Protein chains: 2
Amino acid sequence: MSLQGDVEKKVQKAREASRRLVSLNSGTKNRALLLMAERLKTEAGSIKEENRKDMEAAESKGLSKAMMDRLLLNDQRIQAMAAGLREVAALPDPVGEVMRMWKRPNNLQIGKVRVPIGVIGIIYESRPNVTADAASLCLKAGNAVVLRGGSEAIRSNAAIAKILAESAGDAGVPDGAIQFIDVPDREAVMHLLKMDRYIDLIIPRGGAGLIRTVCENSAIPVIKHDKGVCHTYVDRYADFDMAEKICINAKCQRPGVCNAMETLLVHEEIAGSFLPRLGKRLFKAGVEIRGCPKTRALIPGCKEAEEQDWYTEYNDLILSVRVVSSLEQAVEHITKYGSQHSEAIVTSDYAGARRFLTEVDAAAVYVNASTRFTDGYEFGLGAEIGISTNRLHARGPMGLEELTTYKFIIYGDGQIRE
Amino acid sequence: MSLQGDVEKKVQKAREASRRLVSLNSGTKNRALLLMAERLKTEAGSIKEENRKDMEAAESKGLSKAMMDRLLLNDQRIQAMAAGLREVAALPDPVGEVMRMWKRPNNLQIGKVRVPIGVIGIIYESRPNVTADAASLCLKAGNAVVLRGGSEAIRSNAAIAKILAESAGDAGVPDGAIQFIDVPDREAVMHLLKMDRYIDLIIPRGGAGLIRTVCENSAIPVIKHDKGVCHTYVDRYADFDMAEKICINAKCQRPGVCNAMETLLVHEEIAGSFLPRLGKRLFKAGVEIRGCPKTRALIPGCKEAEEQDWYTEYNDLILSVRVVSSLEQAVEHITKYGSQHSEAIVTSDYAGARRFLTEVDAAAVYVNASTRFTDGYEFGLGAEIGISTNRLHARGPMGLEELTTYKFIIYGDGQIRE
């Protein structure tokens with residue numbers, strides 16, 4: 001069978017399963033998730049065996065140490081995957097929720113009800129835990145899933161997906177609900193992206209290159225989880241201790257993630273007193289600082305920021321710093337260079353806080369808190385499949401609710417339109 | 001200036017305006033809508049003048065009578081446009097609504113707030129009233145709009161758009177919020193569809209050809225308002241009088257619209273008694289019937305339905321009819337041939353109604369009512385920009401709420417992530 005035919009067969013199976021998943025009750029879905037967790041643990045040996053082959057192939061290909069570490073599966077990581085599955089089982093089922101129901105003057109009763117999206121394609125890189133995370137969230141929200149992991153983790157992913165699909169089937173989930181594309185060719189992704197007859201949504205998870213490829217080639221709606229060029233603006237009315245604590249946390253607590261701060265903006269009136277002390281703490285924490293001319297005059301050892309720096313998500317212990325003349329200029333900077341992910345102001349001024357919250361256009365806008373909180377768990381929304389940088393359908397943490405859509409149900413007793 | 005440069009300049013202006021529209025208060029927006037309504041009436045003369053030129057051009061091109069009628073603007077139609085603007089002014093402003101707000105254990109207060117989408121491109125055909133309808137809904141929801149109407153109505157649309165944009169400006173709406181692309185070339189649409197840097201959403205309104213062109217060429221998310229192949233299933237437990245009334249209404253009350261019935265499914269147990277009497281009424285109403293073999297045996301004068309008929313949105317007094325052996329077969333038929341728009345069951349059976357509501361996948365699913373109710377006003381949701389046949393973001397009637405997105409606002413007092 002051709003590569004395209006092979007991919008299409010799996011995708012069609014997912015489509016068929018999705019029709020039955022719509023009315024699958026929560027009990028069955030939860031039993032499946034718990035069985036999946038159990039089997040991941042009892043069959044950890046076979047997963048590690050396949051992972052070892054991926055690791056060997058990666059080593060011979062000369063993958064970086066960081067990449068190798070992402071790829072590695074040990075007992076602890078397999079147990080963490082299983083724990084994730086149990087957490088999803090414990091979350092409330094979004095499907096069937098009546099978001100609103102009302103009556104019309106003609107006695108029609110109209111309800112807006114959450115239903116699954118249908119078939120979701122997940123295209124991801126390296127970390128094999130995404131296989132379990134994505135499959136569990138899609139299943140809980142009543143969706144069939146087509147998984148396409150990176151070629152470097154293909155054996156690990158295939159082993160995990162096989163266990164998940166089999167356990168789901170044993171627990172009564174319709175056959176075909178979890179599909180894994182085990183073809184390493186990039187061509188398989190291209191075929192997948194054109195199957196808009198069968199797939200309702202594509203979620204890419206990975207680096208900028210992957211996301212660009214998916215967005216440019218997909219005939220299917222895409223919800224992307226793109227970069228976060230997050231800013232913290234320290235206003236002239238900021239409490240310095242609070243501002244320092246927030247800046248250090250936003251930059252250093254975990255610099256490699258999308259909600260970490262990449263650029264600091266400081267009001268010129270307080271820059272002279274605030275920046276030198278913050279600079280010392282940042283250097284102590286190992287942060288490289290790239291500043292505007294005013295910043296460089298205030299922080300000895302600060303490098304020069306180039307235009308490109310303001311657009312950059314470093315994902316590393318590097319920070320660009322700019323002195324601004326007003327809150328307005330801070331908002332303008334964020335509008336121009338930001339990626340609409342997470343933005344914060346530190347201020348004790350009521351009007352400034354209100355203005356920042358209204359005028360800054362981003363998935364999450366903070367007053368007096370670290371941008372690091374943009375996360376499904378931290379928001380109290382439960383497990384997430386990622387942080388959406390789309391504007392439509394889902395924005396910010398994308399959890400179970402965002403993996404559903406809705407339909408209107410209408411109860412009548414013979415009504416016709418006049 | 002090049003065509004592309006000309007389009008881009010307008011789109012950039014819309015983008016700039018959208019940044020200021022975000023914080024524009026409802027009072028200003030409503031005053032603008034009322035002024036727009038007033039000016040449409042006082043300047044009706046100039047609109048009719050431009051419309052006359054469009055009509056003359058259309059006549060010399062030999063456009064059909066139906067097309068000419070769609071194009072025509074008279075005092076009554078201009079007054080209807082103005083009335084539409086006043087209705088939008090009277091609707092509640094969706095922007096700023098806090099959809100949910102909660103506190104976290106660390107005292108972070110998190111709110112999910114409705115905000116405008118940004119810049120919306122509307123690509124439409126013939127009827128010039130869309131210019132006013134679309135502009136008013138976009139403005140009320142805080143969006144800048146780029147309008148691109150059909151070339152046959154270009155002078156009428158330009159005249160309306162000019163009045164709208166000027167009145168909006170006079171009422172204090174940021175300059176550039178309402179843009180009209182007055183270039184008749186189809187190339188202008190192609191340029192528009194690639195400007196994803198400036199436009200957040202494209203809504204095509206028109207025939208199948210326009211929608212296909214837009215979907216295939218857009219780099220911007222599209223919410224389409226596509227065809228409705230709507231079914232009514234008369235169950236074996238149906239009340240015949242109710243079923244007849246609903247079928248006649250769904251087919252005949254306004255056959256040219258997307259929520260009219262195109263296919264009737266009848267349970268075989270009652271087909272023998274129900275179909276002959278319904279057939280007579282349908283013929284009396286001038287409906288052409290295309291049936292399966294069983295239907296043809298029961299309705300003398302019924303034509304033969306071909307496979308293609310089951311997929312067809314006639315938008316006319318034509319109905320395809322099929323006898324099915326069970327509710328399950330009815331659902332299967334709808335799944336295979338339907339367009340997920342509006343589907344109805346007529347039954348007195350509790351379990352059957354419940355099953356139909358769950359298993360049928362469509363924007364609106366009815367029990368014992370005419371599919372003709374799928375409409376923003378009929379649902380009690382107010383004016384709509386169309387009926388979305390997308391699954392994501394907006395499904396079914398797309399009104400002011402669906403012309404917004406959301407962001408999270410977070411009030412802290414120094415919280416950092418541990």
# chains A, B, ... in the order shown; residues from 1 in each chain; ligands from 1

$ residues_around --residues "Asn107 (chain B)" --least-positions-apart "4" --cutoff "9 Å" --atoms "only C-alpha atoms" --output "VMD selection string"
chain B and resid 103 411 to 413 415

$ interface_residues --of "chain A" --to "chain B" --cutoff "7 Å" --atoms "only C-alpha atoms" --output "CSV table (one decimal) with N, CA and C atoms, in the first residue's frame"
chain,number,residue,atom,x,y,z
A,23,SER,N,-20.9,9.6,21.8
A,23,SER,CA,-21.9,9.2,22.9
A,23,SER,C,-21.3,8.2,23.9
A,104,ARG,N,-37.7,30.2,24.3
A,104,ARG,CA,-38.2,31.3,23.4
A,104,ARG,C,-39.6,31.6,23.6
A,117,ILE,N,-14.8,17.8,19.3
A,117,ILE,CA,-14.5,18.4,18.0
A,117,ILE,C,-14.5,17.3,16.9
A,242,MET,N,9.1,44.0,45.2
A,242,MET,CA,8.2,43.2,44.5
A,242,MET,C,8.6,43.0,43.0
A,246,ILE,N,9.7,39.5,41.1
A,246,ILE,CA,8.9,39.1,40.0
A,246,ILE,C,9.8,38.9,38.7
A,249,ASN,N,12.0,35.8,39.1
A,249,ASN,CA,11.2,34.6,38.9
A,249,ASN,C,10.9,34.4,37.4
A,357,LEU,N,-4.1,46.5,31.5
A,357,LEU,CA,-4.9,45.3,31.4
A,357,LEU,C,-5.8,45.4,30.1
A,358,THR,N,-6.3,46.7,29.9
A,358,THR,CA,-7.2,46.9,28.7
A,358,THR,C,-6.4,46.9,27.4
A,359,GLU,N,-5.3,47.7,27.4
A,359,GLU,CA,-4.6,48.0,26.1
A,359,GLU,C,-3.7,46.9,25.6
A,362,ALA,N,-2.8,40.3,24.7
A,362,ALA,CA,-2.1,39.0,24.9
A,362,ALA,C,-3.0,38.0,25.5
A,363,ALA,N,-2.7,36.8,25.4
A,363,ALA,CA,-3.5,35.7,26.0
A,363,ALA,C,-3.6,35.9,27.5
A,364,ALA,N,-2.5,36.3,28.1
A,364,ALA,CA,-2.6,36.6,29.6
A,364,ALA,C,-1.9,37.9,29.9
A,365,VAL,N,-2.6,38.7,30.6
A,365,VAL,CA,-2.1,40.0,31.0
A,365,VAL,C,-2.1,40.1,32.5
A,366,TYR,N,-0.9,40.4,33.1
A,366,TYR,CA,-0.8,40.3,34.6
A,366,TYR,C,-0.6,41.7,35.2
A,367,VAL,N,-1.1,41.9,36.4
A,367,VAL,CA,-0.6,43.0,37.2
A,367,VAL,C,0.0,42.4,38.5
A,368,ASN,N,1.3,42.8,38.7
A,368,ASN,CA,2.0,42.4,39.9
A,368,ASN,C,2.1,40.9,40.1
A,369,ALA,N,2.4,40.2,39.1
A,369,ALA,CA,2.7,38.7,39.2
A,369,ALA,C,3.6,38.3,38.1
A,370,SER,N,4.2,37.2,38.3
A,370,SER,CA,5.2,36.6,37.3
A,370,SER,C,4.4,36.0,36.1
A,372,ARG,N,5.2,33.6,34.6
A,372,ARG,CA,5.4,32.1,34.7
A,372,ARG,C,4.1,31.4,35.0
A,373,PHE,N,3.0,32.1,35.5
A,373,PHE,CA,1.8,31.4,35.9
A,373,PHE,C,0.9,31.0,34.7
A,380,GLY,N,-5.7,26.8,37.4
A,380,GLY,CA,-6.8,26.0,38.0
A,380,GLY,C,-7.7,25.4,37.0
A,391,ARG,N,-5.8,33.3,18.1
A,391,ARG,CA,-6.8,34.2,18.7
A,391,ARG,C,-8.2,33.5,18.7
A,392,LEU,N,-8.4,32.6,17.8
A,392,LEU,CA,-9.7,32.1,17.6
A,392,LEU,C,-9.8,30.7,18.3
A,393,HIS,N,-11.0,30.4,18.8
A,393,HIS,CA,-11.4,29.1,19.4
A,393,HIS,C,-10.7,28.9,20.8
A,395,ARG,N,-7.4,30.4,23.3
A,395,ARG,CA,-6.3,31.3,23.5
A,395,ARG,C,-5.8,31.1,24.9
A,405,THR,N,-16.2,21.4,21.0
A,405,THR,CA,-16.9,22.5,20.4
A,405,THR,C,-18.3,22.5,20.9
A,407,LYS,N,-22.9,22.4,20.0
A,407,LYS,CA,-24.0,22.4,19.1
A,407,LYS,C,-25.2,22.9,19.8
A,408,PHE,N,-26.2,23.3,19.0
A,408,PHE,CA,-27.5,23.7,19.6
A,408,PHE,C,-28.4,22.5,19.6
A,409,ILE,N,-29.1,22.3,20.7
A,409,ILE,CA,-30.2,21.3,20.6
A,409,ILE,C,-31.5,22.0,20.9
A,410,ILE,N,-32.5,21.7,20.2
A,410,ILE,CA,-33.8,22.4,20.3
A,410,ILE,C,-34.9,21.5,20.5
A,411,TYR,N,-35.6,21.7,21.7
A,411,TYR,CA,-36.8,20.8,22.0
A,411,TYR,C,-38.0,21.6,21.6
A,412,GLY,N,-38.8,21.0,20.7
A,412,GLY,CA,-40.0,21.7,20.3
A,412,GLY,C,-41.3,20.8,20.5
A,413,ASP,N,-42.4,21.4,20.2
A,413,ASP,CA,-43.6,20.6,20.2
A,413,ASP,C,-44.5,20.9,19.0
A,414,GLY,N,-43.8,21.0,17.9
A,414,GLY,CA,-44.5,21.2,16.6
A,414,GLY,C,-44.4,22.6,16.1
A,415,GLN,N,-43.4,23.4,16.6
A,415,GLN,CA,-43.3,24.8,16.2
A,415,GLN,C,-42.8,24.9,14.7
A,416,ILE,N,-43.4,25.8,14.0
A,416,ILE,CA,-43.0,26.1,12.6
A,416,ILE,C,-42.8,27.6,12.5
A,417,ARG,N,-42.0,28.0,11.5
A,417,ARG,CA,-41.7,29.5,11.4
A,417,ARG,C,-42.7,30.2,10.6

$ closest_residue --among "B:Ala132, B:Val321, B:Ala144, B:Val119" --to "Lys251 (chain B)" --atoms "only C-alpha atoms"
B:Val321

$ closest_residue --among "A:Val130, A:Glu152, A:Lys303, A:Pro276" --to "Glu59 (chain A)" --atoms "only C-alpha atoms"
A:Glu152

$ select_by_dssp --residues "region 47-120 of chain B" --states "strand (DSSP E or B)" --output "JSON, numbers by chain"
{"B": [98, 99, 100, 101, 102, 103, 109, 110, 111, 112, 113, 114, 115, 116, 119, 120]}

$ write_last_selection --atoms "C-alpha atoms" --output "PDB file, in the first residue's frame"
ATOM      1  CA  VAL B  98     -16.055  38.882  32.272  1.00  0.00           C
ATOM      2  CA  MET B  99     -17.101  35.403  31.267  1.00  0.00           C
ATOM      3  CA  ARG B 100     -15.699  33.910  34.481  1.00  0.00           C
ATOM      4  CA  MET B 101     -13.539  35.113  37.336  1.00  0.00           C
ATOM      5  CA  TRP B 102     -12.037  33.061  40.135  1.00  0.00           C
ATOM      6  CA  LYS B 103      -9.384  33.047  42.822  1.00  0.00           C
ATOM      7  CA  GLN B 109      -7.493  36.552  40.850  1.00  0.00           C
ATOM      8  CA  ILE B 110      -7.986  35.309  37.285  1.00  0.00           C
ATOM      9  CA  GLY B 111     -10.626  36.539  34.873  1.00  0.00           C
ATOM     10  CA  LYS B 112     -11.563  35.422  31.365  1.00  0.00           C
ATOM     11  CA  VAL B 113     -12.633  38.553  29.500  1.00  0.00           C
ATOM     12  CA  ARG B 114     -14.194  39.037  26.082  1.00  0.00           C
ATOM     13  CA  VAL B 115     -12.084  41.173  23.732  1.00  0.00           C
ATOM     14  CA  PRO B 116     -12.390  42.000  20.026  1.00  0.00           C
ATOM     15  CA  VAL B 119      -9.298  42.942  12.061  1.00  0.00           C
ATOM     16  CA  ILE B 120     -11.955  41.003  10.160  1.00  0.00           C
TER      17      ILE B 120
END

$ closest_atom_pairs --of "region 187-302 of chain B" --to "region 323-334 of chain B" --cutoff "6 Å" --atoms "only C-alpha atoms" --output "CSV"
residue,atom,partner,partner_atom,distance
B:Leu265,CA,B:Val323,CA,5.8
B:Val266,CA,B:Val323,CA,4.8
B:His267,CA,B:Val324,CA,5.1
B:Glu268,CA,B:Ser325,CA,5.4

$ atom_distance --atom1 "CA of Ala141 (chain B)" --atom2 "CA of Val7 (chain B)"
23.4 Å

$ closest_residue --among "B:Gly172, B:Gly209, B:Phe240, B:Gly256" --to "Asp226 (chain B)" --atoms "only C-alpha atoms"
B:Gly209
